[in-house]
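Content type mmCIF, C-alpha atoms, from the file my_file.cif:
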data_my_file
#
loop_
_atom_site.label_atom_id
_atom_site.label_comp_id
_atom_site.auth_asym_id
_atom_site.auth_seq_id
_atom_site.Cartn_x
_atom_site.Cartn_y
_atom_site.Cartn_z
CA GLY A 1 -106.56 -43.97 -61.86
CA GLN A 2 -108.94 -43.83 -64.78
CA GLN A 3 -110.93 -46.94 -65.52
CA LEU A 4 -113.24 -48.02 -68.29
CA ASN A 5 -116.01 -50.45 -67.43
CA GLN A 6 -117.69 -52.34 -70.23
CA SER A 7 -120.97 -54.15 -70.01
CA PRO A 8 -122.08 -56.74 -70.50
CA GLN A 9 -118.96 -58.87 -70.06
CA SER A 10 -120.30 -61.40 -72.54
CA MET A 11 -123.30 -61.87 -74.78
CA PHE A 12 -124.75 -64.95 -76.44
CA ILE A 13 -127.22 -64.04 -79.15
CA GLN A 14 -128.92 -65.55 -82.15
CA GLU A 15 -128.02 -64.54 -85.68
CA GLY A 16 -130.17 -61.64 -86.82
CA GLU A 17 -130.59 -60.09 -83.38
CA ASP A 18 -129.46 -56.58 -82.56
CA VAL A 19 -126.68 -56.05 -80.01
CA SER A 20 -126.06 -53.19 -77.62
CA MET A 21 -123.07 -52.69 -75.34
CA ASN A 22 -121.69 -49.77 -73.42
CA CYS A 23 -118.60 -48.34 -71.83
CA THR A 24 -118.45 -45.99 -68.86
CA SER A 25 -115.65 -43.92 -67.44
CA SER A 26 -115.03 -42.45 -64.01
CA SER A 27 -113.84 -39.23 -65.66
CA ILE A 28 -114.64 -37.11 -68.71
CA PHE A 29 -113.22 -38.17 -72.07
CA ASN A 30 -112.88 -36.13 -75.25
CA THR A 31 -112.37 -39.16 -77.48
CA TRP A 32 -113.98 -42.59 -77.59
CA LEU A 33 -112.68 -45.46 -79.69
CA TRP A 34 -114.27 -48.83 -80.39
CA TYR A 35 -112.22 -51.85 -81.47
CA LYS A 36 -113.07 -55.42 -82.41
CA GLN A 37 -110.70 -58.33 -81.84
CA ASP A 38 -111.26 -61.52 -83.82
CA PRO A 39 -110.00 -64.72 -82.17
CA GLY A 40 -106.21 -64.98 -82.45
CA GLU A 41 -105.76 -61.56 -84.08
CA GLY A 42 -105.02 -58.00 -83.06
CA PRO A 43 -107.79 -55.48 -82.33
CA VAL A 44 -109.06 -53.50 -85.30
CA LEU A 45 -110.41 -49.96 -85.00
CA LEU A 46 -114.13 -49.83 -85.82
CA ILE A 47 -115.26 -46.32 -84.96
CA ALA A 48 -113.70 -43.17 -83.50
CA LEU A 49 -115.81 -40.49 -81.77
CA TYR A 50 -114.53 -36.99 -81.03
CA LYS A 51 -117.54 -34.91 -79.99
CA ALA A 52 -120.10 -35.24 -77.20
CA GLY A 53 -123.42 -36.42 -78.63
CA GLU A 54 -121.80 -37.61 -81.86
CA LEU A 55 -123.44 -40.60 -83.54
CA THR A 56 -121.32 -42.42 -86.10
CA SER A 57 -122.06 -45.47 -88.20
CA ASN A 58 -119.86 -48.01 -89.93
CA GLY A 59 -122.06 -50.42 -91.85
CA ARG A 60 -124.25 -52.26 -89.34
CA LEU A 61 -122.35 -50.71 -86.44
CA THR A 62 -123.39 -47.47 -84.75
CA ALA A 63 -121.55 -45.82 -81.89
CA GLN A 64 -122.50 -42.81 -79.80
CA PHE A 65 -120.44 -40.44 -77.68
CA GLY A 66 -122.54 -39.86 -74.54
CA ILE A 67 -123.50 -36.27 -73.77
CA THR A 68 -122.05 -36.53 -70.27
CA ARG A 69 -118.72 -37.45 -71.94
CA LYS A 70 -118.42 -40.30 -69.45
CA ASP A 71 -119.92 -43.03 -71.57
CA SER A 72 -120.22 -44.45 -75.05
CA PHE A 73 -122.45 -47.03 -76.69
CA LEU A 74 -121.96 -49.48 -79.53
CA ASN A 75 -124.87 -51.09 -81.35
CA ILE A 76 -124.73 -53.84 -83.95
CA SER A 77 -127.83 -54.42 -86.03
CA ALA A 78 -128.86 -57.75 -87.56
CA SER A 79 -125.90 -59.70 -86.19
CA ILE A 80 -124.12 -62.29 -88.34
CA PRO A 81 -121.68 -65.07 -87.37
CA SER A 82 -118.61 -62.99 -88.31
CA ASP A 83 -119.54 -60.46 -85.62
CA VAL A 84 -118.12 -62.94 -83.10
CA GLY A 85 -115.20 -61.53 -81.15
CA ILE A 86 -114.27 -59.22 -78.31
CA TYR A 87 -115.27 -55.57 -78.49
CA PHE A 88 -113.11 -53.05 -76.64
CA CYS A 89 -113.73 -49.42 -75.95
CA ALA A 90 -110.79 -47.08 -75.41
CA GLY A 91 -110.21 -43.52 -74.37
CA PRO A 92 -107.34 -41.16 -73.66
CA GLY A 93 -105.18 -41.91 -70.65
CA ASP A 94 -101.97 -40.22 -69.64
CA THR A 95 -99.89 -38.57 -72.35
CA ASP A 96 -99.45 -40.78 -75.43
CA LYS A 97 -101.45 -43.63 -73.90
CA LEU A 98 -104.92 -45.08 -74.29
CA ILE A 99 -107.01 -46.79 -71.63
CA PHE A 100 -108.79 -49.91 -72.84
CA GLY A 101 -111.96 -51.33 -71.36
CA THR A 102 -112.25 -54.88 -70.13
CA GLY A 103 -114.05 -55.98 -73.29
CA THR A 104 -117.42 -57.46 -74.23
CA ARG A 105 -117.23 -60.97 -75.66
CA LEU A 106 -119.87 -61.59 -78.32
CA GLN A 107 -120.97 -65.03 -79.42
CA VAL A 108 -123.45 -65.39 -82.29
CA PHE A 109 -125.35 -68.62 -82.85
CA PRO A 110 -126.85 -69.51 -86.24
CA SER B 1 -101.17 -46.55 -96.41
CA GLN B 2 -99.63 -47.61 -93.11
CA THR B 3 -99.02 -51.23 -92.22
CA ILE B 4 -97.66 -52.94 -89.14
CA HIS B 5 -95.92 -56.30 -89.10
CA GLN B 6 -95.19 -58.58 -86.17
CA TRP B 7 -93.28 -61.82 -86.16
CA PRO B 8 -93.25 -64.61 -85.44
CA ALA B 9 -96.98 -65.36 -85.27
CA THR B 10 -96.46 -68.17 -82.76
CA LEU B 11 -93.52 -69.16 -80.64
CA VAL B 12 -92.88 -72.01 -78.21
CA GLN B 13 -89.89 -71.51 -75.94
CA PRO B 14 -88.46 -73.36 -72.94
CA VAL B 15 -88.22 -71.68 -69.56
CA GLY B 16 -84.93 -69.82 -69.22
CA SER B 17 -84.42 -69.23 -72.93
CA PRO B 18 -84.05 -65.75 -74.45
CA LEU B 19 -86.73 -63.95 -76.44
CA SER B 20 -86.83 -61.48 -79.27
CA LEU B 21 -90.09 -60.33 -80.87
CA GLU B 22 -89.97 -57.81 -83.65
CA CYS B 23 -92.43 -55.22 -84.89
CA THR B 24 -92.04 -52.89 -87.84
CA VAL B 25 -94.26 -50.16 -89.24
CA GLU B 26 -94.38 -48.97 -92.84
CA GLY B 27 -95.90 -45.92 -94.46
CA THR B 28 -95.38 -43.43 -91.64
CA SER B 29 -92.52 -41.72 -89.85
CA ASN B 30 -91.86 -41.04 -86.17
CA PRO B 31 -94.79 -43.14 -84.94
CA ASN B 32 -95.50 -43.86 -81.30
CA LEU B 33 -94.95 -47.58 -80.75
CA TYR B 34 -96.47 -49.83 -78.10
CA TRP B 35 -96.12 -53.38 -76.74
CA TYR B 36 -99.12 -54.96 -75.01
CA ARG B 37 -99.66 -58.38 -73.45
CA GLN B 38 -103.03 -60.08 -73.36
CA ALA B 39 -103.70 -63.09 -71.15
CA ALA B 40 -106.26 -65.58 -72.45
CA GLY B 41 -109.74 -64.07 -72.39
CA ARG B 42 -108.49 -60.90 -70.75
CA GLY B 43 -107.90 -57.25 -71.61
CA LEU B 44 -104.82 -55.46 -72.88
CA GLN B 45 -101.95 -54.68 -70.53
CA LEU B 46 -99.54 -51.99 -71.72
CA LEU B 47 -95.94 -53.12 -71.25
CA PHE B 48 -93.81 -50.51 -73.02
CA TYR B 49 -94.22 -47.53 -75.28
CA SER B 50 -91.85 -45.33 -77.26
CA VAL B 51 -92.26 -41.83 -78.67
CA GLY B 52 -88.94 -41.85 -80.54
CA ILE B 53 -85.72 -43.74 -81.33
CA GLY B 54 -84.04 -44.91 -78.15
CA GLN B 55 -86.89 -43.61 -75.95
CA ILE B 56 -88.58 -46.39 -73.99
CA SER B 57 -91.13 -46.06 -71.18
CA SER B 58 -91.85 -49.11 -69.07
CA GLU B 59 -95.30 -49.47 -67.57
CA VAL B 60 -94.94 -52.47 -65.31
CA PRO B 61 -91.93 -54.11 -63.63
CA GLN B 62 -91.25 -57.38 -65.33
CA ASN B 63 -88.86 -59.80 -66.91
CA LEU B 64 -89.04 -58.13 -70.32
CA SER B 65 -87.34 -55.18 -71.99
CA ALA B 66 -87.96 -53.18 -75.15
CA SER B 67 -85.74 -51.36 -77.60
CA ARG B 68 -86.27 -49.07 -80.58
CA PRO B 69 -83.11 -49.20 -82.69
CA GLN B 70 -84.75 -47.54 -85.71
CA ASP B 71 -87.64 -45.15 -86.20
CA ARG B 72 -90.12 -47.82 -87.27
CA GLN B 73 -88.76 -50.86 -85.44
CA PHE B 74 -89.75 -51.96 -81.96
CA ILE B 75 -88.29 -55.05 -80.29
CA LEU B 76 -89.46 -56.92 -77.20
CA SER B 77 -86.81 -59.00 -75.47
CA SER B 78 -86.02 -61.16 -72.51
CA LYS B 79 -82.76 -62.73 -71.37
CA LYS B 80 -84.49 -65.59 -69.51
CA LEU B 81 -88.14 -66.43 -70.03
CA LEU B 82 -90.41 -67.38 -67.14
CA LEU B 83 -93.57 -69.48 -67.30
CA SER B 84 -95.54 -66.34 -66.45
CA ASP B 85 -94.33 -64.69 -69.68
CA SER B 86 -96.75 -66.82 -71.70
CA GLY B 87 -99.42 -64.81 -73.47
CA PHE B 88 -100.47 -63.00 -76.59
CA TYR B 89 -98.16 -60.07 -77.39
CA LEU B 90 -99.43 -57.21 -79.48
CA CYS B 91 -97.53 -54.36 -81.07
CA ALA B 92 -99.33 -51.14 -82.00
CA TRP B 93 -98.52 -47.76 -83.54
CA SER B 94 -100.16 -44.36 -83.47
CA ALA B 95 -99.52 -40.92 -84.88
CA GLY B 96 -98.91 -39.67 -81.36
CA GLY B 97 -100.79 -38.23 -78.40
CA HIS B 98 -104.23 -39.80 -78.05
CA GLN B 99 -104.61 -40.70 -81.71
CA PRO B 100 -106.10 -44.17 -82.34
CA GLN B 101 -103.66 -47.03 -82.06
CA HIS B 102 -103.41 -49.63 -84.80
CA PHE B 103 -102.42 -53.17 -83.91
CA GLY B 104 -100.39 -55.93 -85.50
CA ASP B 105 -101.65 -59.50 -85.71
CA GLY B 106 -99.92 -60.52 -82.49
CA THR B 107 -97.48 -63.21 -81.37
CA ARG B 108 -98.73 -66.11 -79.29
CA LEU B 109 -95.94 -67.07 -76.91
CA SER B 110 -96.04 -70.37 -75.02
CA ILE B 111 -93.43 -71.16 -72.41
CA LEU B 112 -92.81 -74.82 -71.58
#
Hey, can you dump this file as structure tokens for me?
Amino acid sequence: GQQLNQSPQSMFIQEGEDVSMNCTSSSIFNTWLWYKQDPGEGPVLLIALYKAGELTSNGRLTAQFGITRKDSFLNISASIPSDVGIYFCAGPGDTDKLIFGTGTRLQVFP
Amino acid sequence: SQTIHQWPATLVQPVGSPLSLECTVEGTSNPNLYWYRQAAGRGLQLLFYSVGIGQISSEVPQNLSASRPQDRQFILSSKKLLLSDSGFYLCAWSAGGHQPQHFGDGTRLSIL
């Protein structure tokens, strides 16, 4: 079945650094979603991408829909402590379902 | 705007006891509804989803069941909890198809 692989699995960075993570699929997607999950809470939608090559920003976050339609990237600029959490990518699965990636755990040190 | 509510936020139950977790959505009609489980430090596992009242699709065989008695209400149940049912349970809604899903705050369930 379809799978989404996220890398890296975890990141430990210093406050102020930029962050880059990606998500790859074994098949073509026509939608990419990025979520963030704070500790002990539900995931929150950050960015939705609907077109190959699309680049969308949300504050310090920028996500890109890869032109091959098999990958997507999320960048965070000038990280701050509240960026800590798990970042999930997601894409369309079978009817009415999403496939979620395995997550990238981000830790930010002051 | 749409909101989703889950309760309780935390629950500690003995093995063998019943379970009922509730999820309600406001501000939309005929949403798709989903129950996920998340083990500590792990990804999201889809348990059940529903595209309408009384319509439940089960994704994995397990000790749990789901029901949708009203359009915007989704309930996760068990008659007898097992230790392996411990985890973080998340409810989500979407407008249907492959639209983005929006999650509740989750219920942390501990089985003793």
Distance filter 8 Å, all atoms listed in the file, chain B against chain A, as a ChimeraX atom specification | /B:32,42-44,51,90,96-98,100-106
Nearest to Lys80 in chain B by atom-to-atom distance, counting all atoms listed in the file, from B:Leu64, B:Leu46, B:Leu109, B:Leu33 = B:Leu64
Return the single residue from B:Thr10, B:Val25, B:Ser20, B:Ile4 that is closest to Leu81 in chain B, with distances computed using all atoms listed in the file.
->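 Closest to Leu81 in chain B of all the choices is B:Ser20.
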Two-atom distance - CA of Pro69 in chain B, CA of Trp7 in chain B (Å) =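 Separation between CA of Pro69 in chain B and CA of Trp7 in chain B: 16.6 Å.
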Ground truth for the PyMOL selection byres ((chain B and resi 8) around 8), written as a tab-separated table (two decimals) with C-alpha atoms, in the frame of the given file:
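Now in part26.tsv:
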chain	number	residue	atom	x	y	z
B	6	GLN	CA	-95.19	-58.58	-86.17
B	7	TRP	CA	-93.28	-61.82	-86.16
B	9	ALA	CA	-96.98	-65.36	-85.27
B	10	THR	CA	-96.46	-68.17	-82.76
B	11	LEU	CA	-93.52	-69.16	-80.64
B	21	LEU	CA	-90.09	-60.33	-80.87
B	22	GLU	CA	-89.97	-57.81	-83.65
B	107	THR	CA	-97.48	-63.21	-81.37
What lies within 9 Å of range 13-19 of chain A using all atoms listed in the file, ignoring chain neighbours under 2 positions off, as a list of chain:residue names?
->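 Contacts, in chain order: A:Met11, A:Met21, A:Leu74, A:Asn75, A:Ile76, A:Ser77, A:Ala78, A:Ser79, A:Ile80, A:Pro81, A:Leu106, A:Gln107, A:Val108, A:Phe109, A:Pro110.
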Which of these residues is nearest to Gly85 in chain A, using all atoms listed in the file: A:Lys36, A:Gly59, A:Ile28, A:Pro8?
->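 Ranking A:Lys36, A:Gly59, A:Ile28, A:Pro8 by distance to Gly85 in chain A, first place goes to A:Lys36.
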Using the chain letters and residue numbers of this document, give as a list in words the residues selected by the PyMOL selection byres ((chain B and resi 57) around 12).
-> Thr95, Asp96 and Lys97 of chain A; Asn32, Leu33, Tyr34, Trp35, Leu46, Leu47, Phe48, Tyr49, Ser50, Val51, Gly52, Ile53, Gly54, Gln55, Ile56, Ser58, Glu59, Val60, Pro61, Ser65, Ala66, Ser67 and Arg68 of chain B
Leaving out Lys79 in chain B and any residue of its chain fewer than 5 positions from it, which residues lie within 8 Å of it when counting all atoms listed in the file, given as a PyMOL selection string?
-> chain B and resi 16-19+64
For the selection you just gave me, I'd like the residues written to a file as a PDB file, keeping the file's coordinate frame, keeping C-alpha atoms.
ATOM      1  CA  GLY B  16     -84.930 -69.820 -69.220  1.00  0.00           C
ATOM      2  CA  SER B  17     -84.420 -69.230 -72.930  1.00  0.00           C
ATOM      3  CA  PRO B  18     -84.050 -65.750 -74.450  1.00  0.00           C
ATOM      4  CA  LEU B  19     -86.730 -63.950 -76.440  1.00  0.00           C
ATOM      5  CA  LEU B  64     -89.040 -58.130 -70.320  1.00  0.00           C
TER       6      LEU B  64
END
Pick the closest to Asp38 in chain A from B:Gly41, B:Pro14, B:Gly27, B:Gly87: which is it, counting only C-alpha atoms?
->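 The answer is B:Gly41, which sits nearest to Asp38 in chain A.
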Where does the PyMOL selection byres ((chain B and resi 71) around 6) land in this file, that is, which residues does it pick, as JSON, numbers by chain?
-> {"B": [30, 53, 70, 72, 73]}
Length of the CA of Ala95 in chain B to CA of Gly53 in chain A vector [Å] | 25.1 Å
Å distance separating CA of Glu26 in chain B from CA of Arg108 in chain B, one decimal place |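 Here the two named atoms are 22.3 Å from each other.
Of the residues listed (A:Ala52, A:Leu4, A:Leu46, A:Ala63), A:Leu4 shows the shortest atom-to-atom separation from Ser26 in chain A; distances use only C-alpha atoms.
Counting all atoms listed in the file, the residue from A:Ser25, A:Ser20, A:Phe73, A:Cys89 that sits nearest to Gln3 in chain A is A:Ser25.
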